[in-house]
Amino acid sequence: MHHFEYKQGELYCENLPLDQLAQQVGTPCYVYSYATLHHHFKVFDEAFRDVPHLTCFSVKASSNIAILKLFGSLGGGVDIVSGGELFRARKAGIPGDRIVYSGVGKTCEEIDYALRENILLFNIESPQELEAINERASHLGCKARIALRVNPDVDPRTHPYISTGMKKNKFGIDIEGAITEYRRAKTLSNVEIIGIDCHVGSQLTEISPFVDALRRLRMLMERLEAEGIVVQYLDLGGGLGITYDQEAPPHPREYARAILQELHGLPCTLIFEPGRVIVGNAGVLLTRVLYTKQTPSKNFVIVDAAMNDLIRPSLYGSYHHIQPVRPMGEEAQMVDVVGPICESSDFLARDRGLPPVQAGDCLAVMSAGAYGFSMSSNYNSRPRAAEILVKGERFYTIRERERWEDLIKGEAIPGFV
Ligand SMILES: *Cc1c(COP(=O)(O)O)cnc(C)c1O
């Protein structure tokens, strides 16, 4: 469910016509629906209302502080993977006790920052990281609350680049290794074991990998309990998929039912780290057609958004539905929708049936709310797009379009050149 709909032949975000918005703020721009963000967060969070839990939005999916603040105001926390994300979360007013920190390469500086902010939980991904966190906590005279991120070796059956819970992935610690590390953690004086964690991948469209991972974690928890290691928090990560094209992922309530059934009343506080399922379909990328170009083998629609704005099609071959904001005519033509960047991988869609479009038309790249702006770059010295939050018929610029001056911020020319 989302609030991007045609009314009288024109695409709206909530009660605002997107064509009008594009004229006012320019393109390319990311547009998010407040009502959709709010609704998606609530649906996910309330699916677990009967059990103690904390919904920690995955900041890397969509990192704007306005969006983080919204989820914080709904009682949510965040899952971070860097010091920069911690900085954002704190700027958005997320309290430390609602922050969990994942990632295989936490630096000393980042660990210290997180310790000073007294975050709820470090999800530890290697024996050396356990060592490092204990050492930093000792240095700062505090105790770090930790979970070990377990790699349960289940196949999430998703794109290999977004699979994280298989043996061959760099994430987490295998089950036998985790037992060794929990034993060791117990002997360290500046860490407190409070949880167990896993995250098996992203854009999962089936329940079974989640359930398989949970079963393996439960078995591990029993073995740990036998040694007197009891955890209060069970962090099941994120990964629930959305519909980009024809996928039919489970509804959050179905996901919740399967998880809760598997837990049968385990007295743990659950942590979830959803990203895509909350924001993916709550945002679109608006772009304008610059040119159309026919070559002997293809029809190209050249638009003003590019792989630097939305890299998912180039990086993963991902599908994003593309639709004209004011469609004229029905008959679809096969086109490649491409950006201005000097790379052949710079496309938003390939061999796609699109209603006839011409220069100046505005297109909406749908389902761009997750891993869209947050993965954008300045490649080809393109200023990054604006981000707009729509509520009802009003809109708010939550991030200004970058200017050329921003591109050279921090650059310097030494005297000898
Ligand atoms: C990326 C990530 C998430 C969020 O994944 P989604 O598929 O967007 O829900 C959650 N936890 C960790 C550790 C991640 O790396």
# chains A, B, ... in the order shown; residues from 1 in each chain; ligands from 1
call {"tool": "residues_around", "arguments": {"residues": "Pro17 of chain A", "least_positions_apart": "4", "cutoff": "10 Å", "atoms": "only C-alpha atoms", "output": "PDB file with N, CA and C atoms, in the first residue's frame"}}
result
ATOM      1  N   PHE A   4       0.990   6.773  -4.033  1.00  0.00           N
ATOM      2  CA  PHE A   4       1.313   7.313  -5.357  1.00  0.00           C
ATOM      3  C   PHE A   4       0.258   6.759  -6.307  1.00  0.00           C
ATOM      4  N   GLU A   5      -0.640   7.605  -6.738  1.00  0.00           N
ATOM      5  CA  GLU A   5      -1.785   7.133  -7.519  1.00  0.00           C
ATOM      6  C   GLU A   5      -2.146   8.125  -8.611  1.00  0.00           C
ATOM      7  N   TYR A   6      -2.733   7.560  -9.691  1.00  0.00           N
ATOM      8  CA  TYR A   6      -3.255   8.441 -10.748  1.00  0.00           C
ATOM      9  C   TYR A   6      -4.630   8.954 -10.342  1.00  0.00           C
ATOM     10  N   LYS A   7      -4.807  10.260 -10.525  1.00  0.00           N
ATOM     11  CA  LYS A   7      -6.130  10.867 -10.369  1.00  0.00           C
ATOM     12  C   LYS A   7      -6.351  11.723 -11.611  1.00  0.00           C
ATOM     13  N   GLU A  10      -3.368  11.836 -13.953  1.00  0.00           N
ATOM     14  CA  GLU A  10      -2.132  12.464 -13.516  1.00  0.00           C
ATOM     15  C   GLU A  10      -1.639  11.801 -12.238  1.00  0.00           C
ATOM     16  N   LEU A  11      -0.318  11.564 -12.153  1.00  0.00           N
ATOM     17  CA  LEU A  11       0.220  10.874 -10.975  1.00  0.00           C
ATOM     18  C   LEU A  11       0.369  11.846  -9.807  1.00  0.00           C
ATOM     19  N   TYR A  12      -0.171  11.422  -8.670  1.00  0.00           N
ATOM     20  CA  TYR A  12      -0.107  12.218  -7.439  1.00  0.00           C
ATOM     21  C   TYR A  12       0.742  11.505  -6.399  1.00  0.00           C
ATOM     22  N   CYS A  13       1.376  12.298  -5.540  1.00  0.00           N
ATOM     23  CA  CYS A  13       1.854  11.771  -4.267  1.00  0.00           C
ATOM     24  C   CYS A  13       0.916  12.360  -3.225  1.00  0.00           C
ATOM     25  N   LEU A  21       4.928  19.445  -8.751  1.00  0.00           N
ATOM     26  CA  LEU A  21       6.079  19.405  -7.841  1.00  0.00           C
ATOM     27  C   LEU A  21       7.390  19.484  -8.627  1.00  0.00           C
ATOM     28  N   ALA A  22       7.469  18.721  -9.726  1.00  0.00           N
ATOM     29  CA  ALA A  22       8.696  18.711 -10.535  1.00  0.00           C
ATOM     30  C   ALA A  22       8.975  20.102 -11.090  1.00  0.00           C
ATOM     31  N   VAL A 325       4.382  10.742 -15.571  1.00  0.00           N
ATOM     32  CA  VAL A 325       3.569  11.423 -14.582  1.00  0.00           C
ATOM     33  C   VAL A 325       2.236  11.878 -15.213  1.00  0.00           C
ATOM     34  N   ARG A 326       2.285  12.229 -16.516  1.00  0.00           N
ATOM     35  CA  ARG A 326       1.046  12.518 -17.263  1.00  0.00           C
ATOM     36  C   ARG A 326       1.053  11.701 -18.545  1.00  0.00           C
ATOM     37  N   GLU A 393      -1.363  17.961   0.651  1.00  0.00           N
ATOM     38  CA  GLU A 393      -1.065  18.674  -0.592  1.00  0.00           C
ATOM     39  C   GLU A 393       0.161  19.556  -0.460  1.00  0.00           C
TER      40      GLU A 393
END
call {"tool": "residues_near_ligand", "arguments": {"ligand": "ligand 1", "cutoff": "10 Å", "atoms": "only C-alpha atoms and all ligand atoms", "output": "number ranges by chain"}}
result
A: 56-62, 78-81, 100-104, 123, 149, 162-164, 171-172, 197-204, 235-242, 272-280, 370-371
call {"tool": "write_last_selection", "arguments": {"atoms": "C-alpha atoms", "output": "PDB file, in the first residue's frame"}}
result
ATOM      1  CA  CYS A  56      15.265  -0.402  14.623  1.00  0.00           C
ATOM      2  CA  PHE A  57      14.994   1.127  11.167  1.00  0.00           C
ATOM      3  CA  SER A  58      18.047   0.378   9.035  1.00  0.00           C
ATOM      4  CA  VAL A  59      19.556   3.818   8.416  1.00  0.00           C
ATOM      5  CA  LYS A  60      21.434   2.791   5.294  1.00  0.00           C
ATOM      6  CA  ALA A  61      18.161   2.201   3.433  1.00  0.00           C
ATOM      7  CA  SER A  62      17.231   5.880   3.671  1.00  0.00           C
ATOM      8  CA  VAL A  78      17.756   2.558  14.399  1.00  0.00           C
ATOM      9  CA  ASP A  79      20.255   0.025  13.140  1.00  0.00           C
ATOM     10  CA  ILE A  80      23.472   1.770  12.150  1.00  0.00           C
ATOM     11  CA  VAL A  81      26.545   0.568  10.278  1.00  0.00           C
ATOM     12  CA  VAL A 100      22.050  -1.034  17.558  1.00  0.00           C
ATOM     13  CA  TYR A 101      25.314  -1.083  15.649  1.00  0.00           C
ATOM     14  CA  SER A 102      26.130  -3.689  12.976  1.00  0.00           C
ATOM     15  CA  GLY A 103      28.930  -3.949  10.408  1.00  0.00           C
ATOM     16  CA  VAL A 104      32.151  -5.909   9.902  1.00  0.00           C
ATOM     17  CA  ASN A 123      26.441  -6.561  16.977  1.00  0.00           C
ATOM     18  CA  ARG A 149      26.127 -11.643  14.846  1.00  0.00           C
ATOM     19  CA  ILE A 162      22.469  -8.673  -0.990  1.00  0.00           C
ATOM     20  CA  SER A 163      22.787 -12.137   0.525  1.00  0.00           C
ATOM     21  CA  THR A 164      24.604 -11.933   3.848  1.00  0.00           C
ATOM     22  CA  PHE A 171      29.199 -11.200   7.684  1.00  0.00           C
ATOM     23  CA  GLY A 172      28.873 -12.648  11.159  1.00  0.00           C
ATOM     24  CA  ASP A 197      21.862 -11.399  16.287  1.00  0.00           C
ATOM     25  CA  CYS A 198      21.536 -12.426  12.671  1.00  0.00           C
ATOM     26  CA  HIS A 199      20.636 -10.803   9.351  1.00  0.00           C
ATOM     27  CA  VAL A 200      20.496 -13.147   6.402  1.00  0.00           C
ATOM     28  CA  GLY A 201      20.013 -10.834   3.437  1.00  0.00           C
ATOM     29  CA  SER A 202      17.817  -8.293   1.768  1.00  0.00           C
ATOM     30  CA  GLN A 203      14.752  -8.345  -0.482  1.00  0.00           C
ATOM     31  CA  LEU A 204      13.652 -11.755   0.808  1.00  0.00           C
ATOM     32  CA  ASP A 235      17.907  -9.449  17.010  1.00  0.00           C
ATOM     33  CA  LEU A 236      16.498 -10.948  13.821  1.00  0.00           C
ATOM     34  CA  GLY A 237      17.841  -8.306  11.450  1.00  0.00           C
ATOM     35  CA  GLY A 238      15.938  -6.970   8.461  1.00  0.00           C
ATOM     36  CA  GLY A 239      15.496  -8.231   4.946  1.00  0.00           C
ATOM     37  CA  LEU A 240      11.781  -8.434   4.273  1.00  0.00           C
ATOM     38  CA  GLY A 241      11.201  -7.767   0.568  1.00  0.00           C
ATOM     39  CA  ILE A 242       8.811  -5.526  -1.336  1.00  0.00           C
ATOM     40  CA  PHE A 272      14.121  -6.003  14.115  1.00  0.00           C
ATOM     41  CA  GLU A 273      16.137  -4.014  11.608  1.00  0.00           C
ATOM     42  CA  PRO A 274      13.775  -3.421   8.676  1.00  0.00           C
ATOM     43  CA  GLY A 275      14.821  -1.009   5.952  1.00  0.00           C
ATOM     44  CA  ARG A 276      13.431  -1.632   2.501  1.00  0.00           C
ATOM     45  CA  VAL A 277      10.008  -2.854   3.638  1.00  0.00           C
ATOM     46  CA  ILE A 278       9.383   0.452   5.410  1.00  0.00           C
ATOM     47  CA  VAL A 279      10.692   2.976   2.884  1.00  0.00           C
ATOM     48  CA  GLY A 280      11.023   1.189  -0.474  1.00  0.00           C
ATOM     49  CA  ALA A 370      15.136   2.376  -0.245  1.00  0.00           C
ATOM     50  CA  TYR A 371      18.807   2.321  -1.298  1.00  0.00           C
TER      51      TYR A 371
END
call {"tool": "select_by_dssp", "arguments": {"residues": "segment 75-174 of chain A", "states": "alpha helix (DSSP H)", "output": "PyMOL selection string"}}
result
chain A and resi 83-91+108-116+127-140
call {"tool": "closest_residue", "arguments": {"among": "A:His321, A:Lys186, A:Arg352, A:Arg382", "to": "Pro340 of chain A", "atoms": "only C-alpha atoms"}}
result
A:Arg382
call {"tool": "atom_distance", "arguments": {"atom1": "atom CA of Gly96 of chain A", "atom2": "atom CA of Ile119 of chain A"}}
result
4.3 Å
call {"tool": "atom_distance", "arguments": {"atom1": "atom CA of Lys91 of chain A", "atom2": "atom CA of Gly372 of chain A"}}
result
21.1 Å
call {"tool": "residues_around", "arguments": {"residues": "Glu117 of chain A", "least_positions_apart": "2", "cutoff": "10 Å", "atoms": "only C-alpha atoms", "output": "list in words"}}
result
Leu86, Phe87, Arg90, Pro95, Gly96, Asp97, Ile99, Ile111, Asp112, Tyr113, Ala114, Leu115, Ile119 and Leu120 of chain A
call {"tool": "atom_distance", "arguments": {"atom1": "atom CA of Glu254 of chain A", "atom2": "atom CA of Asp45 of chain A"}}
result
12.9 Å
call {"tool": "closest_residue", "arguments": {"among": "A:Met375, A:Ala258, A:Gly339, A:Gly283", "to": "His2 of chain A", "atoms": "only C-alpha atoms"}}
result
A:Gly283
call {"tool": "select_by_dssp", "arguments": {"residues": "segment 37-132 of chain A", "states": "strand (DSSP E or B)", "output": "ChimeraX atom specification"}}
result
/A:53-58,77-80,99-101,121-124
call {"tool": "write_last_selection", "arguments": {"atoms": "N, CA and C atoms", "output": "PDB file, in the first residue's frame"}}
result
ATOM      1  N   HIS A  53       9.440  -5.702  22.067  1.00  0.00           N
ATOM      2  CA  HIS A  53      10.254  -5.613  20.859  1.00  0.00           C
ATOM      3  C   HIS A  53      10.692  -4.179  20.620  1.00  0.00           C
ATOM      4  N   LEU A  54      11.693  -4.024  19.759  1.00  0.00           N
ATOM      5  CA  LEU A  54      12.147  -2.702  19.331  1.00  0.00           C
ATOM      6  C   LEU A  54      12.383  -2.766  17.826  1.00  0.00           C
ATOM      7  N   THR A  55      11.709  -1.867  17.092  1.00  0.00           N
ATOM      8  CA  THR A  55      11.881  -1.820  15.639  1.00  0.00           C
ATOM      9  C   THR A  55      12.955  -0.792  15.321  1.00  0.00           C
ATOM     10  N   CYS A  56      14.116  -1.278  14.889  1.00  0.00           N
ATOM     11  CA  CYS A  56      15.265  -0.402  14.623  1.00  0.00           C
ATOM     12  C   CYS A  56      15.421  -0.239  13.117  1.00  0.00           C
ATOM     13  N   PHE A  57      14.930   0.869  12.608  1.00  0.00           N
ATOM     14  CA  PHE A  57      14.994   1.127  11.167  1.00  0.00           C
ATOM     15  C   PHE A  57      16.451   1.119  10.690  1.00  0.00           C
ATOM     16  N   SER A  58      16.692   0.465   9.574  1.00  0.00           N
ATOM     17  CA  SER A  58      18.047   0.378   9.035  1.00  0.00           C
ATOM     18  C   SER A  58      18.390   1.679   8.305  1.00  0.00           C
ATOM     19  N   GLY A  77      13.664   2.725  16.916  1.00  0.00           N
ATOM     20  CA  GLY A  77      15.091   2.958  17.065  1.00  0.00           C
ATOM     21  C   GLY A  77      15.732   2.832  15.700  1.00  0.00           C
ATOM     22  N   VAL A  78      17.058   2.718  15.673  1.00  0.00           N
ATOM     23  CA  VAL A  78      17.756   2.558  14.399  1.00  0.00           C
ATOM     24  C   VAL A  78      18.840   1.495  14.486  1.00  0.00           C
ATOM     25  N   ASP A  79      19.101   0.899  13.333  1.00  0.00           N
ATOM     26  CA  ASP A  79      20.255   0.025  13.140  1.00  0.00           C
ATOM     27  C   ASP A  79      21.253   0.811  12.316  1.00  0.00           C
ATOM     28  N   ILE A  80      22.453   0.992  12.854  1.00  0.00           N
ATOM     29  CA  ILE A  80      23.472   1.770  12.150  1.00  0.00           C
ATOM     30  C   ILE A  80      24.623   0.860  11.726  1.00  0.00           C
ATOM     31  N   ILE A  99      19.578   2.359  19.842  1.00  0.00           N
ATOM     32  CA  ILE A  99      20.480   2.235  18.692  1.00  0.00           C
ATOM     33  C   ILE A  99      21.255   0.923  18.765  1.00  0.00           C
ATOM     34  N   VAL A 100      21.216   0.163  17.672  1.00  0.00           N
ATOM     35  CA  VAL A 100      22.050  -1.034  17.558  1.00  0.00           C
ATOM     36  C   VAL A 100      23.030  -0.815  16.408  1.00  0.00           C
ATOM     37  N   TYR A 101      24.212  -1.389  16.560  1.00  0.00           N
ATOM     38  CA  TYR A 101      25.314  -1.083  15.649  1.00  0.00           C
ATOM     39  C   TYR A 101      25.843  -2.377  15.032  1.00  0.00           C
ATOM     40  N   LEU A 121      23.378  -1.644  21.862  1.00  0.00           N
ATOM     41  CA  LEU A 121      23.937  -2.933  21.479  1.00  0.00           C
ATOM     42  C   LEU A 121      24.940  -2.835  20.334  1.00  0.00           C
ATOM     43  N   PHE A 122      26.079  -3.486  20.518  1.00  0.00           N
ATOM     44  CA  PHE A 122      27.019  -3.710  19.407  1.00  0.00           C
ATOM     45  C   PHE A 122      26.786  -5.120  18.876  1.00  0.00           C
ATOM     46  N   ASN A 123      26.509  -5.234  17.592  1.00  0.00           N
ATOM     47  CA  ASN A 123      26.441  -6.561  16.977  1.00  0.00           C
ATOM     48  C   ASN A 123      27.832  -6.886  16.452  1.00  0.00           C
ATOM     49  N   ILE A 124      28.489  -7.834  17.126  1.00  0.00           N
ATOM     50  CA  ILE A 124      29.900  -8.104  16.859  1.00  0.00           C
ATOM     51  C   ILE A 124      30.048  -9.144  15.754  1.00  0.00           C
TER      52      ILE A 124
END
call {"tool": "closest_residue", "arguments": {"among": "A:Arg145, A:Arg184, A:Lys170, A:Arg98", "to": "Ile196 of chain A", "atoms": "only C-alpha atoms"}}
result
A:Arg145
call {"tool": "residues_around", "arguments": {"residues": "segment 361-363 of chain A", "least_positions_apart": "6", "cutoff": "6 Å", "atoms": "only C-alpha atoms", "output": "ChimeraX atom specification"}}
result
/A:286-289,323-325
call {"tool": "closest_residue", "arguments": {"among": "A:Leu407, A:Arg88, A:Gly9, A:Gly141", "to": "Glu330 of chain A", "atoms": "only C-alpha atoms"}}
result
A:Gly9
call {"tool": "residues_around", "arguments": {"residues": "Asp245 of chain A", "least_positions_apart": "5", "cutoff": "12 Å", "atoms": "only C-alpha atoms", "output": "PyMOL selection string"}}
result
chain A and resi 281+318-322+366-367
call {"tool": "residues_around", "arguments": {"residues": "segment 71-73 of chain A", "least_positions_apart": "6", "cutoff": "8 Å", "atoms": "only C-alpha atoms", "output": "PDB file with N, CA, C and O atoms, in the first residue's frame"}}
result
ATOM      1  N   HIS A  38       4.737   6.599   7.431  1.00  0.00           N
ATOM      2  CA  HIS A  38       4.069   6.447   8.723  1.00  0.00           C
ATOM      3  C   HIS A  38       3.339   5.103   8.785  1.00  0.00           C
ATOM      4  O   HIS A  38       3.504   4.319   9.726  1.00  0.00           O
ATOM      5  N   PHE A  41       5.716   1.977   8.779  1.00  0.00           N
ATOM      6  CA  PHE A  41       6.379   1.765  10.070  1.00  0.00           C
ATOM      7  C   PHE A  41       5.397   1.164  11.080  1.00  0.00           C
ATOM      8  O   PHE A  41       5.702   0.202  11.780  1.00  0.00           O
ATOM      9  N   PHE A  57      14.930   0.869  12.608  1.00  0.00           N
ATOM     10  CA  PHE A  57      14.994   1.127  11.167  1.00  0.00           C
ATOM     11  C   PHE A  57      16.451   1.119  10.690  1.00  0.00           C
ATOM     12  O   PHE A  57      17.328   1.718  11.324  1.00  0.00           O
ATOM     13  N   ALA A  92      18.888  13.277  14.662  1.00  0.00           N
ATOM     14  CA  ALA A  92      17.439  13.080  14.508  1.00  0.00           C
ATOM     15  C   ALA A  92      16.773  12.817  15.857  1.00  0.00           C
ATOM     16  O   ALA A  92      15.571  12.543  15.913  1.00  0.00           O
ATOM     17  N   GLY A  93      17.563  12.866  16.922  1.00  0.00           N
ATOM     18  CA  GLY A  93      16.994  12.724  18.259  1.00  0.00           C
ATOM     19  C   GLY A  93      16.728  11.295  18.696  1.00  0.00           C
ATOM     20  O   GLY A  93      15.985  11.056  19.650  1.00  0.00           O
ATOM     21  N   ILE A  94      17.328  10.325  18.013  1.00  0.00           N
ATOM     22  CA  ILE A  94      17.150   8.929  18.443  1.00  0.00           C
ATOM     23  C   ILE A  94      18.027   8.708  19.678  1.00  0.00           C
ATOM     24  O   ILE A  94      19.238   8.917  19.626  1.00  0.00           O
TER      25      ILE A  94
END
call {"tool": "closest_residue", "arguments": {"among": "A:Val231, A:Ile207, A:Leu285, A:Leu220", "to": "Arg157 of chain A", "atoms": "only C-alpha atoms"}}
result
A:Ile207
call {"tool": "decode", "arguments": {"residues": "segment 266-290 of chain A", "atoms": "N, CA, C and O atoms", "output": "PDB file, in the first residue's frame"}}
result
ATOM      1  N   LEU A 266       9.166 -17.410  23.999  1.00  0.00           N
ATOM      2  CA  LEU A 266      10.526 -17.193  24.508  1.00  0.00           C
ATOM      3  C   LEU A 266      10.610 -15.830  25.212  1.00  0.00           C
ATOM      4  O   LEU A 266      10.178 -14.833  24.663  1.00  0.00           O
ATOM      5  N   PRO A 267      11.124 -15.791  26.437  1.00  0.00           N
ATOM      6  CA  PRO A 267      11.099 -14.523  27.183  1.00  0.00           C
ATOM      7  C   PRO A 267      12.234 -13.570  26.789  1.00  0.00           C
ATOM      8  O   PRO A 267      13.033 -13.183  27.619  1.00  0.00           O
ATOM      9  N   CYS A 268      12.284 -13.208  25.517  1.00  0.00           N
ATOM     10  CA  CYS A 268      13.321 -12.310  25.029  1.00  0.00           C
ATOM     11  C   CYS A 268      12.673 -11.055  24.470  1.00  0.00           C
ATOM     12  O   CYS A 268      11.541 -11.096  24.007  1.00  0.00           O
ATOM     13  N   THR A 269      13.411  -9.945  24.477  1.00  0.00           N
ATOM     14  CA  THR A 269      12.970  -8.771  23.727  1.00  0.00           C
ATOM     15  C   THR A 269      13.474  -8.924  22.305  1.00  0.00           C
ATOM     16  O   THR A 269      14.665  -9.167  22.086  1.00  0.00           O
ATOM     17  N   LEU A 270      12.554  -8.804  21.360  1.00  0.00           N
ATOM     18  CA  LEU A 270      12.939  -8.967  19.959  1.00  0.00           C
ATOM     19  C   LEU A 270      13.402  -7.627  19.405  1.00  0.00           C
ATOM     20  O   LEU A 270      12.838  -6.575  19.726  1.00  0.00           O
ATOM     21  N   ILE A 271      14.423  -7.682  18.553  1.00  0.00           N
ATOM     22  CA  ILE A 271      14.852  -6.488  17.812  1.00  0.00           C
ATOM     23  C   ILE A 271      14.718  -6.810  16.328  1.00  0.00           C
ATOM     24  O   ILE A 271      15.073  -7.916  15.895  1.00  0.00           O
ATOM     25  N   PHE A 272      14.182  -5.860  15.571  1.00  0.00           N
ATOM     26  CA  PHE A 272      14.121  -6.003  14.115  1.00  0.00           C
ATOM     27  C   PHE A 272      14.833  -4.820  13.492  1.00  0.00           C
ATOM     28  O   PHE A 272      14.856  -3.732  14.059  1.00  0.00           O
ATOM     29  N   GLU A 273      15.382  -5.067  12.311  1.00  0.00           N
ATOM     30  CA  GLU A 273      16.137  -4.014  11.608  1.00  0.00           C
ATOM     31  C   GLU A 273      15.606  -3.835  10.186  1.00  0.00           C
ATOM     32  O   GLU A 273      16.361  -3.942   9.219  1.00  0.00           O
ATOM     33  N   PRO A 274      14.320  -3.537  10.029  1.00  0.00           N
ATOM     34  CA  PRO A 274      13.775  -3.421   8.676  1.00  0.00           C
ATOM     35  C   PRO A 274      14.230  -2.134   8.004  1.00  0.00           C
ATOM     36  O   PRO A 274      14.367  -1.099   8.647  1.00  0.00           O
ATOM     37  N   GLY A 275      14.472  -2.200   6.723  1.00  0.00           N
ATOM     38  CA  GLY A 275      14.821  -1.009   5.952  1.00  0.00           C
ATOM     39  C   GLY A 275      13.876  -0.885   4.775  1.00  0.00           C
ATOM     40  O   GLY A 275      12.898  -0.156   4.787  1.00  0.00           O
ATOM     41  N   ARG A 276      14.166  -1.696   3.761  1.00  0.00           N
ATOM     42  CA  ARG A 276      13.431  -1.632   2.501  1.00  0.00           C
ATOM     43  C   ARG A 276      11.906  -1.716   2.672  1.00  0.00           C
ATOM     44  O   ARG A 276      11.160  -0.963   2.040  1.00  0.00           O
ATOM     45  N   VAL A 277      11.455  -2.635   3.537  1.00  0.00           N
ATOM     46  CA  VAL A 277      10.008  -2.854   3.638  1.00  0.00           C
ATOM     47  C   VAL A 277       9.282  -1.608   4.161  1.00  0.00           C
ATOM     48  O   VAL A 277       8.111  -1.395   3.891  1.00  0.00           O
ATOM     49  N   ILE A 278      10.010  -0.765   4.880  1.00  0.00           N
ATOM     50  CA  ILE A 278       9.383   0.452   5.410  1.00  0.00           C
ATOM     51  C   ILE A 278       9.405   1.573   4.372  1.00  0.00           C
ATOM     52  O   ILE A 278       8.390   2.249   4.156  1.00  0.00           O
ATOM     53  N   VAL A 279      10.549   1.775   3.725  1.00  0.00           N
ATOM     54  CA  VAL A 279      10.692   2.976   2.884  1.00  0.00           C
ATOM     55  C   VAL A 279      10.653   2.723   1.373  1.00  0.00           C
ATOM     56  O   VAL A 279      10.436   3.663   0.600  1.00  0.00           O
ATOM     57  N   GLY A 280      10.854   1.467   0.956  1.00  0.00           N
ATOM     58  CA  GLY A 280      11.023   1.189  -0.474  1.00  0.00           C
ATOM     59  C   GLY A 280       9.914   1.761  -1.345  1.00  0.00           C
ATOM     60  O   GLY A 280      10.162   2.501  -2.301  1.00  0.00           O
ATOM     61  N   ASN A 281       8.692   1.424  -1.014  1.00  0.00           N
ATOM     62  CA  ASN A 281       7.567   1.889  -1.828  1.00  0.00           C
ATOM     63  C   ASN A 281       6.995   3.220  -1.353  1.00  0.00           C
ATOM     64  O   ASN A 281       5.944   3.650  -1.839  1.00  0.00           O
ATOM     65  N   ALA A 282       7.704   3.863  -0.456  1.00  0.00           N
ATOM     66  CA  ALA A 282       7.252   5.181   0.034  1.00  0.00           C
ATOM     67  C   ALA A 282       7.964   6.316  -0.691  1.00  0.00           C
ATOM     68  O   ALA A 282       7.749   7.482  -0.369  1.00  0.00           O
ATOM     69  N   GLY A 283       8.799   6.001  -1.674  1.00  0.00           N
ATOM     70  CA  GLY A 283       9.540   7.045  -2.382  1.00  0.00           C
ATOM     71  C   GLY A 283       9.638   6.777  -3.871  1.00  0.00           C
ATOM     72  O   GLY A 283       9.653   5.614  -4.304  1.00  0.00           O
ATOM     73  N   VAL A 284       9.678   7.841  -4.656  1.00  0.00           N
ATOM     74  CA  VAL A 284       9.922   7.728  -6.105  1.00  0.00           C
ATOM     75  C   VAL A 284      11.028   8.703  -6.475  1.00  0.00           C
ATOM     76  O   VAL A 284      11.305   9.659  -5.744  1.00  0.00           O
ATOM     77  N   LEU A 285      11.623   8.431  -7.620  1.00  0.00           N
ATOM     78  CA  LEU A 285      12.603   9.362  -8.186  1.00  0.00           C
ATOM     79  C   LEU A 285      11.955  10.018  -9.402  1.00  0.00           C
ATOM     80  O   LEU A 285      11.552   9.321 -10.335  1.00  0.00           O
ATOM     81  N   LEU A 286      11.822  11.340  -9.350  1.00  0.00           N
ATOM     82  CA  LEU A 286      11.249  12.069 -10.484  1.00  0.00           C
ATOM     83  C   LEU A 286      12.365  12.510 -11.407  1.00  0.00           C
ATOM     84  O   LEU A 286      13.383  13.038 -10.957  1.00  0.00           O
ATOM     85  N   THR A 287      12.151  12.291 -12.689  1.00  0.00           N
ATOM     86  CA  THR A 287      13.164  12.669 -13.663  1.00  0.00           C
ATOM     87  C   THR A 287      12.481  13.175 -14.929  1.00  0.00           C
ATOM     88  O   THR A 287      11.332  12.841 -15.183  1.00  0.00           O
ATOM     89  N   ARG A 288      13.207  13.989 -15.682  1.00  0.00           N
ATOM     90  CA  ARG A 288      12.631  14.560 -16.894  1.00  0.00           C
ATOM     91  C   ARG A 288      13.339  14.011 -18.128  1.00  0.00           C
ATOM     92  O   ARG A 288      14.554  13.762 -18.084  1.00  0.00           O
ATOM     93  N   VAL A 289      12.573  13.811 -19.183  1.00  0.00           N
ATOM     94  CA  VAL A 289      13.165  13.343 -20.433  1.00  0.00           C
ATOM     95  C   VAL A 289      13.907  14.503 -21.080  1.00  0.00           C
ATOM     96  O   VAL A 289      13.359  15.589 -21.263  1.00  0.00           O
ATOM     97  N   LEU A 290      15.203  14.258 -21.393  1.00  0.00           N
ATOM     98  CA  LEU A 290      16.006  15.282 -22.071  1.00  0.00           C
ATOM     99  C   LEU A 290      15.899  15.128 -23.586  1.00  0.00           C
ATOM    100  O   LEU A 290      15.699  16.092 -24.311  1.00  0.00           O
TER     101      LEU A 290
END
